[in-house]
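S.K.: Structure: my_file-v1.cif, mmCIF, C-alpha atoms.
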data_start
loop_
_atom_site.group_PDB
_atom_site.id
_atom_site.type_symbol
_atom_site.label_atom_id
_atom_site.label_comp_id
_atom_site.auth_asym_id
_atom_site.auth_seq_id
_atom_site.Cartn_x
_atom_site.Cartn_y
_atom_site.Cartn_z
ATOM 1 C CA VAL A 1 118.319 38.077 140.696
ATOM 2 C CA ALA A 2 118.622 41.692 141.880
ATOM 3 C CA TYR A 3 121.187 40.730 144.496
ATOM 4 C CA ALA A 4 123.234 38.731 141.976
ATOM 5 C CA ARG A 5 123.165 41.673 139.570
ATOM 6 C CA ALA A 6 124.353 44.030 142.308
ATOM 7 C CA VAL A 7 127.226 41.700 143.187
ATOM 8 C CA GLU A 8 128.248 41.425 139.535
ATOM 9 C CA ALA A 9 128.082 45.208 139.066
ATOM 10 C CA ALA A 10 130.255 45.778 142.148
ATOM 11 C CA ALA A 11 132.825 43.266 140.893
ATOM 12 C CA GLU A 12 132.952 44.948 137.483
ATOM 13 C CA ALA A 13 133.380 48.365 139.088
ATOM 14 C CA ALA A 14 136.226 47.095 141.263
ATOM 15 C CA ALA A 15 137.945 45.547 138.262
ATOM 16 C CA ALA A 16 137.636 48.796 136.316
ATOM 17 C CA ALA A 17 139.137 50.772 139.190
ATOM 18 C CA ALA A 18 142.042 48.381 139.676
ATOM 19 C CA PRO A 19 145.486 49.275 138.296
ATOM 20 C CA VAL A 20 146.290 47.657 134.969
ATOM 21 C CA PHE A 21 148.286 44.482 135.509
ATOM 22 C CA THR A 22 150.431 44.726 132.409
ATOM 23 C CA CYS A 23 152.326 41.848 130.890
ATOM 24 C CA ARG A 24 155.641 43.137 132.275
ATOM 25 C CA THR A 25 154.154 43.720 135.726
ATOM 26 C CA ARG A 26 152.966 40.136 135.702
ATOM 27 C CA ASP A 27 156.422 39.026 134.609
ATOM 28 C CA VAL A 28 158.032 40.837 137.569
ATOM 29 C CA ALA A 29 155.622 39.177 140.016
ATOM 30 C CA ALA A 30 156.305 35.784 138.430
ATOM 31 C CA LEU A 31 160.086 36.215 138.598
ATOM 32 C CA VAL A 32 159.952 37.344 142.240
ATOM 33 C CA LEU A 33 157.759 34.401 143.249
ATOM 34 C CA ALA A 34 159.848 31.941 141.226
ATOM 35 C CA ARG A 35 162.967 33.154 143.037
ATOM 36 C CA HIS A 36 161.616 33.648 146.570
ATOM 37 C CA GLY A 37 158.126 32.103 146.729
ATOM 38 C CA PRO A 38 155.829 31.216 148.227
ATOM 39 C CA LEU A 39 155.215 34.700 149.632
ATOM 40 C CA SER A 40 152.308 36.420 151.315
ATOM 41 C CA LYS A 41 150.742 39.386 149.534
ATOM 42 C CA GLU A 42 152.433 41.710 152.044
ATOM 43 C CA GLN A 43 155.835 40.173 151.302
ATOM 44 C CA LEU A 44 155.263 40.388 147.553
ATOM 45 C CA LEU A 45 154.222 44.024 147.899
ATOM 46 C CA GLY A 46 157.410 44.626 149.877
ATOM 47 C CA CYS A 47 159.450 43.153 147.015
ATOM 48 C CA LEU A 48 157.652 45.327 144.470
ATOM 49 C CA GLN A 49 158.296 48.376 146.670
ATOM 50 C CA GLN A 50 162.009 47.542 146.729
ATOM 51 C CA PHE A 51 161.956 47.190 142.955
ATOM 52 C CA VAL A 52 160.417 50.670 142.573
ATOM 53 C CA GLN A 53 163.034 52.167 144.894
ATOM 54 C CA GLN A 54 165.994 50.529 143.152
ATOM 55 C CA ALA A 55 164.931 50.739 139.492
ATOM 56 C CA GLY A 56 166.521 53.378 137.274
ATOM 57 C CA GLU A 57 165.242 55.578 134.469
ATOM 58 C CA GLU A 58 165.413 52.722 131.967
ATOM 59 C CA LEU A 59 162.477 51.027 133.739
ATOM 60 C CA LYS A 60 160.351 54.161 134.089
ATOM 61 C CA SER A 61 157.208 52.759 132.420
ATOM 62 C CA LEU A 62 157.308 49.593 134.534
ATOM 63 C CA VAL A 63 157.900 51.614 137.713
ATOM 64 C CA THR A 64 154.907 53.812 136.871
ATOM 65 C CA SER A 65 152.676 50.744 136.584
ATOM 66 C CA LEU A 66 153.942 49.351 139.884
ATOM 67 C CA ARG A 67 153.533 52.698 141.648
ATOM 68 C CA GLU A 68 149.908 52.800 140.547
ATOM 69 C CA LEU A 69 149.362 49.505 142.323
ATOM 70 C CA LEU A 70 151.404 50.348 145.442
ATOM 71 C CA ASP A 71 149.798 53.773 145.874
ATOM 72 C CA SER A 72 146.222 52.508 145.515
ATOM 73 C CA ALA A 73 143.835 52.664 148.473
ATOM 74 C CA GLU A 74 144.073 48.920 149.219
ATOM 75 C CA PRO A 75 147.208 47.545 147.540
ATOM 76 C CA SER A 76 147.026 44.144 149.249
ATOM 77 C CA SER A 77 143.432 43.573 148.160
ATOM 78 C CA ARG A 78 144.169 44.850 144.638
ATOM 79 C CA LEU A 79 147.208 42.601 144.303
ATOM 80 C CA GLY A 80 145.180 39.567 145.372
ATOM 81 C CA THR A 81 142.510 40.396 142.802
ATOM 82 C CA LEU A 82 145.096 40.859 140.076
ATOM 83 C CA LEU A 83 146.862 37.594 140.870
ATOM 84 C CA CYS A 84 143.559 35.690 140.976
ATOM 85 C CA ASN A 85 142.319 37.095 137.676
ATOM 86 C CA ASN A 86 145.553 37.119 135.734
ATOM 87 C CA ARG A 87 145.860 34.354 133.189
ATOM 88 C CA ALA A 88 148.176 33.929 130.258
ATOM 89 C CA TYR A 89 148.751 31.589 127.389
ATOM 90 C CA GLN A 90 151.924 29.609 127.127
ATOM 91 C CA GLY A 91 153.984 30.864 124.233
ATOM 92 C CA ASP A 92 153.199 33.928 122.149
ATOM 93 C CA GLU A 93 149.991 35.496 123.498
ATOM 94 C CA ALA A 94 149.608 37.684 120.412
ATOM 95 C CA THR A 95 148.890 34.645 118.236
ATOM 96 C CA GLN A 96 146.308 33.153 120.596
ATOM 97 C CA PRO A 97 142.519 33.754 120.613
ATOM 98 C CA ALA A 98 141.187 36.229 123.161
ATOM 99 C CA ASP A 99 139.048 33.671 124.996
ATOM 100 C CA ALA A 100 140.219 34.120 128.599
ATOM 101 C CA SER A 101 138.596 30.841 129.682
ATOM 102 C CA ARG A 102 141.224 28.954 127.666
ATOM 103 C CA ARG A 103 144.116 30.633 129.402
ATOM 104 C CA ALA A 104 146.103 28.904 132.132
ATOM 105 C CA PRO A 105 146.677 30.617 135.508
ATOM 106 C CA TRP A 106 150.227 31.453 136.501
ATOM 107 C CA PHE A 107 149.771 31.949 140.232
ATOM 108 C CA LYS A 108 148.529 29.642 142.976
ATOM 109 C CA SER A 109 147.439 30.535 146.499
ATOM 110 C CA SER A 110 147.581 28.359 149.611
ATOM 111 C CA ARG A 111 146.612 28.991 153.227
ATOM 112 C CA VAL A 112 148.513 28.015 156.383
ATOM 113 C CA GLY A 113 146.716 29.248 159.493
ATOM 114 C CA PHE A 114 145.982 32.944 159.044
ATOM 115 C CA VAL A 115 148.504 33.408 156.224
ATOM 116 C CA VAL A 116 147.669 33.135 152.524
ATOM 117 C CA SER A 117 150.767 32.615 150.388
ATOM 118 C CA TRP A 118 151.223 32.910 146.637
ATOM 119 C CA SER A 119 153.553 30.917 144.424
ATOM 120 C CA PHE A 120 154.423 30.801 140.737
ATOM 121 C CA GLU A 121 152.916 27.504 139.573
ATOM 122 C CA PRO A 122 151.609 27.826 136.007
ATOM 123 C CA LEU A 123 149.177 25.116 134.973
ATOM 124 C CA GLY A 124 149.053 23.349 131.644
ATOM 125 C CA LEU A 125 146.370 24.262 129.137
ATOM 126 C CA ASP A 126 144.169 21.497 130.562
ATOM 127 C CA ARG A 127 144.532 23.232 133.970
ATOM 128 C CA ALA A 128 144.763 19.809 135.601
ATOM 129 C CA ARG A 129 148.468 19.774 136.511
ATOM 130 C CA PRO A 130 151.483 22.111 136.646
ATOM 131 C CA CYS A 131 153.486 22.562 133.474
ATOM 132 C CA ASP A 132 157.196 23.108 132.943
ATOM 133 C CA SER A 133 157.777 26.728 133.931
ATOM 134 C CA THR A 134 161.322 26.972 132.511
ATOM 135 C CA GLU A 135 160.253 28.286 129.110
ATOM 136 C CA ILE A 136 157.699 30.661 130.640
ATOM 137 C CA LEU A 137 160.320 32.198 132.930
ATOM 138 C CA LEU A 138 162.791 32.449 130.058
ATOM 139 C CA GLU A 139 160.276 34.415 127.980
ATOM 140 C CA ALA A 140 159.458 36.591 131.008
ATOM 141 C CA ARG A 141 163.148 37.427 131.461
ATOM 142 C CA GLN A 142 163.429 38.329 127.791
ATOM 143 C CA ARG A 143 160.429 40.672 128.033
ATOM 144 C CA VAL A 144 161.588 42.535 131.135
ATOM 145 C CA GLY A 145 165.206 42.829 129.972
ATOM 146 C CA SER A 146 168.610 42.605 131.633
ATOM 147 C CA GLU A 147 168.264 45.821 133.654
ATOM 148 C CA CYS A 148 165.097 44.539 135.271
ATOM 149 C CA GLU A 149 166.816 41.246 136.037
ATOM 150 C CA ARG A 150 169.680 43.150 137.690
ATOM 151 C CA VAL A 151 167.262 44.981 139.981
ATOM 152 C CA LEU A 152 165.388 41.793 140.806
ATOM 153 C CA ALA A 153 168.649 40.138 141.882
ATOM 154 C CA GLY A 154 169.031 42.717 144.659
ATOM 155 C CA ILE A 155 165.567 42.229 146.154
ATOM 156 C CA SER A 156 164.943 40.343 149.398
ATOM 157 C CA PRO A 157 161.468 39.563 150.750
ATOM 158 C CA PRO A 158 160.654 41.300 154.057
ATOM 159 C CA PRO A 159 160.081 38.956 157.028
ATOM 160 C CA LEU A 160 156.608 37.603 157.517
ATOM 161 C CA LEU A 161 155.055 39.259 160.543
ATOM 162 C CA ALA A 162 153.230 36.909 162.878
ATOM 163 C CA ARG A 163 149.584 37.745 163.251
ATOM 164 C CA ALA A 164 148.252 37.688 166.789
ATOM 165 C CA PRO A 165 145.191 35.493 167.254
ATOM 166 C CA ALA A 166 141.952 37.420 167.393
ATOM 167 C CA ARG A 167 140.876 38.236 170.949
ATOM 168 C CA THR A 168 137.459 37.103 172.079
ATOM 169 C CA PRO A 169 135.174 40.135 172.498
ATOM 170 C CA LEU A 170 134.573 41.081 176.132
ATOM 171 C CA VAL A 171 131.160 40.431 177.648
ATOM 172 C CA THR A 172 129.656 43.118 179.861
ATOM 173 C CA GLU A 173 126.797 41.066 181.287
ATOM 174 C CA ALA A 174 126.188 37.361 181.867
ATOM 175 C CA GLU A 175 123.487 35.414 183.721
ATOM 176 C CA GLY A 176 121.912 38.687 184.842
ATOM 177 C CA MET A 177 125.133 40.003 186.404
ATOM 178 C CA ARG A 178 127.097 43.071 185.282
ATOM 179 C CA LEU A 179 130.708 42.002 184.803
ATOM 180 C CA HIS A 180 133.643 44.158 185.901
ATOM 181 C CA LEU A 181 136.020 44.886 183.026
ATOM 182 C CA SER A 182 139.682 45.820 183.421
ATOM 183 C CA SER A 183 142.090 47.163 180.813
ATOM 184 C CA ASN A 184 145.001 46.315 183.138
ATOM 185 C CA ASN A 185 144.274 42.600 183.228
ATOM 186 C CA SER A 186 145.241 40.288 180.375
ATOM 187 C CA THR A 187 141.901 38.469 180.645
ATOM 188 C CA GLY A 188 139.995 41.743 180.287
ATOM 189 C CA TYR A 189 138.076 41.144 183.526
ATOM 190 C CA LYS A 190 138.835 42.526 186.985
ATOM 191 C CA GLY A 191 140.027 39.903 189.449
ATOM 192 C CA VAL A 192 140.111 37.085 186.895
ATOM 193 C CA PHE A 193 143.399 35.321 186.186
ATOM 194 C CA LYS A 194 144.369 32.541 183.817
ATOM 195 C CA ARG A 195 146.139 29.580 185.386
ATOM 196 C CA ALA A 196 148.884 27.479 183.792
ATOM 197 C CA SER A 197 146.296 24.765 183.167
ATOM 198 C CA GLY A 198 144.394 27.133 180.883
ATOM 199 C CA ARG A 199 141.446 27.478 183.266
ATOM 200 C CA PHE A 200 140.403 30.756 184.895
ATOM 201 C CA THR A 201 140.101 31.635 188.561
ATOM 202 C CA PRO A 202 138.536 34.703 190.252
ATOM 203 C CA GLN A 203 140.186 36.458 193.191
ATOM 204 C CA HIS A 204 138.470 39.118 195.308
ATOM 205 C CA GLY A 205 140.141 40.492 198.398
ATOM 206 C CA GLN A 206 140.304 37.974 201.237
ATOM 207 C CA CYS A 207 137.453 35.854 199.925
ATOM 208 C CA ALA A 208 137.738 32.107 200.162
ATOM 209 C CA TYR A 209 138.674 30.016 197.147
ATOM 210 C CA LEU A 210 136.102 30.618 194.418
ATOM 211 C CA GLY A 211 137.021 27.713 192.150
ATOM 212 C CA THR A 212 138.301 27.503 188.569
ATOM 213 C CA TYR A 213 136.320 27.836 185.362
ATOM 214 C CA ASP A 214 136.616 26.939 181.722
ATOM 215 C CA THR A 215 136.153 30.512 180.493
ATOM 216 C CA ALA A 216 137.028 33.995 181.696
ATOM 217 C CA VAL A 217 133.355 34.985 181.498
ATOM 218 C CA GLU A 218 132.353 32.217 183.905
ATOM 219 C CA ALA A 219 135.073 33.307 186.329
ATOM 220 C CA ALA A 220 134.137 36.998 186.038
#
Give the structure from this file in structure tokens form.
M.R.:
Amino acid sequence: VAYARAVEAAAEAAAAAAPVFTCRTRDVAALVLARHGPLSKEQLLGCLQQFVQQAGEELKSLVTSLRELLDSAEPSSRLGTLLCNNRAYQGDEATQPADASRRAPWFKSSRVGFVVSWSFEPLGLDRARPCDSTEILLEARQRVGSECERVLAGISPPPLLARAPARTPLVTEAEGMRLHLSSNNSTGYKGVFKRASGRFTPQHGQCAYLGTYDTAVEAA
């Protein structure tokens, strides 16, 4: 129970510290994802950064809200939290009860390899299937206004940077032997080379053939 309470308290503190995801901020994210999605959080942040740079004085309050998000300590993490937690009613939210559990999420995440992408896929009130987003986007455009739409039209998502696969940590000792590390060798071990077959072979001076191995550690 104590652990669960600590987890809940930490989540509440993080939510309190997060920038306010206003209705218009949500609308901007929805319009960007509807136009260019699915996008990774980094790409969406790049679009929001472009919006801040291109927006004029007429959108000052919206820019201030976006800057608060972009300038936070961990904007990618904050954006993910905001997208996960943000829900909205279809239609006029002001006339709906405040029960958040009855709201339908606007944003959906999906993972391909290392990349998590977000898309604008609002669900119906039963949350079982997507609903027609045309009316939702129309209302979003009306809320943000024509100037905001003009700025959004000039935004292009930055390219998605490929993430290098994580490198296996080097081992300094195996089977009672101290291994020889090398920062100049792609395998990380001195005298160990990876063959085209994917197996590893050790080479030491004029020594005879030492065989091939499944792993670099075995060859080292």
S.K.: Determine the residue membership of the PyMOL selection byres ((chain A and resi 151) around 10) for the file above and supply it as a ChimeraX atom specification.
M.R.: /A:50-56,59,146-150,152-155
S.K.: Selection from above, C-alpha atoms, as an mmCIF file, keeping the file's coordinate frame, can you write it?
M.R.:
data_model
loop_
_atom_site.group_PDB
_atom_site.id
_atom_site.type_symbol
_atom_site.label_atom_id
_atom_site.label_comp_id
_atom_site.auth_asym_id
_atom_site.auth_seq_id
_atom_site.Cartn_x
_atom_site.Cartn_y
_atom_site.Cartn_z
ATOM 1 C CA GLN A 50 162.009 47.542 146.729
ATOM 2 C CA PHE A 51 161.956 47.190 142.955
ATOM 3 C CA VAL A 52 160.417 50.670 142.573
ATOM 4 C CA GLN A 53 163.034 52.167 144.894
ATOM 5 C CA GLN A 54 165.994 50.529 143.152
ATOM 6 C CA ALA A 55 164.931 50.739 139.492
ATOM 7 C CA GLY A 56 166.521 53.378 137.274
ATOM 8 C CA LEU A 59 162.477 51.027 133.739
ATOM 9 C CA SER A 146 168.610 42.605 131.633
ATOM 10 C CA GLU A 147 168.264 45.821 133.654
ATOM 11 C CA CYS A 148 165.097 44.539 135.271
ATOM 12 C CA GLU A 149 166.816 41.246 136.037
ATOM 13 C CA ARG A 150 169.680 43.150 137.690
ATOM 14 C CA LEU A 152 165.388 41.793 140.806
ATOM 15 C CA ALA A 153 168.649 40.138 141.882
ATOM 16 C CA GLY A 154 169.031 42.717 144.659
ATOM 17 C CA ILE A 155 165.567 42.229 146.154
#
S.K.: For the PyMOL selection byres ((chain A and resi 74) around 12), applied here, can you spell out every residue it catches as a short mmCIF file (atom, residue, chain, number, x, y, z; two decimals) with C-alpha atoms, keeping the file's coordinate frame?
M.R.:
data_model
loop_
_atom_site.label_atom_id
_atom_site.label_comp_id
_atom_site.auth_asym_id
_atom_site.auth_seq_id
_atom_site.Cartn_x
_atom_site.Cartn_y
_atom_site.Cartn_z
CA ALA A 14 136.23 47.10 141.26
CA ALA A 17 139.14 50.77 139.19
CA ALA A 18 142.04 48.38 139.68
CA PRO A 19 145.49 49.28 138.30
CA LYS A 41 150.74 39.39 149.53
CA GLU A 42 152.43 41.71 152.04
CA LEU A 45 154.22 44.02 147.90
CA GLU A 68 149.91 52.80 140.55
CA LEU A 69 149.36 49.50 142.32
CA LEU A 70 151.40 50.35 145.44
CA ASP A 71 149.80 53.77 145.87
CA SER A 72 146.22 52.51 145.51
CA ALA A 73 143.84 52.66 148.47
CA PRO A 75 147.21 47.54 147.54
CA SER A 76 147.03 44.14 149.25
CA SER A 77 143.43 43.57 148.16
CA ARG A 78 144.17 44.85 144.64
CA LEU A 79 147.21 42.60 144.30
CA GLY A 80 145.18 39.57 145.37
CA THR A 81 142.51 40.40 142.80
#
S.K.: Using all atoms listed in the file, determine which residues lie at most 7 Å from A:Trp106, disregarding the query and same-chain residues fewer than 5 positions distant; provide the list as a PDB file with C-alpha atoms, keeping the file's coordinate frame.
M.R.:
ATOM      1  CA  ARG A  87     145.860  34.354 133.189  1.00  0.00           C
ATOM      2  CA  PHE A 120     154.423  30.801 140.737  1.00  0.00           C
ATOM      3  CA  GLU A 121     152.916  27.504 139.573  1.00  0.00           C
ATOM      4  CA  PRO A 122     151.609  27.826 136.007  1.00  0.00           C
ATOM      5  CA  LEU A 123     149.177  25.116 134.973  1.00  0.00           C
TER       6      LEU A 123
END
S.K.: Using only C-alpha atoms, which residue out of A:Thr64, A:Ser40, A:Thr215, A:Ser182 lies closest to A:Ser117?
M.R.: A:Ser40
S.K.: Between A:Val32, A:Tyr213, A:Val116, A:Thr187, which residue has the minimum interatomic distance to A:Thr201, considering only C-alpha atoms?
M.R.: A:Tyr213
S.K.: If I wrap all listed atoms of stretch 130-144 of chain A in a box with edges along x, y and z and add 5 Å on each side, what are its centre and edge lengths in Å to one decimal, as AutoDock Vina command-line options?
M.R.:
--center_x 157.5 --center_y 32.3 --center_z 132.2 --size_x 21.9 --size_y 30.4 --size_z 18.9
S.K.: Measuring between all atoms listed in the file, which one of A:Tyr209, A:Val171, A:Asp214, A:Ser110 shows the shortest distance to A:Lys194?
M.R.: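 Nearest candidate to A:Lys194 out of A:Tyr209, A:Val171, A:Asp214, A:Ser110: A:Asp214.
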S.K.: Interatomic distance between atom CA of A:Ala140 and atom CA of A:Ser109?
M.R.: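 These two atoms are separated by 20.5 Å.
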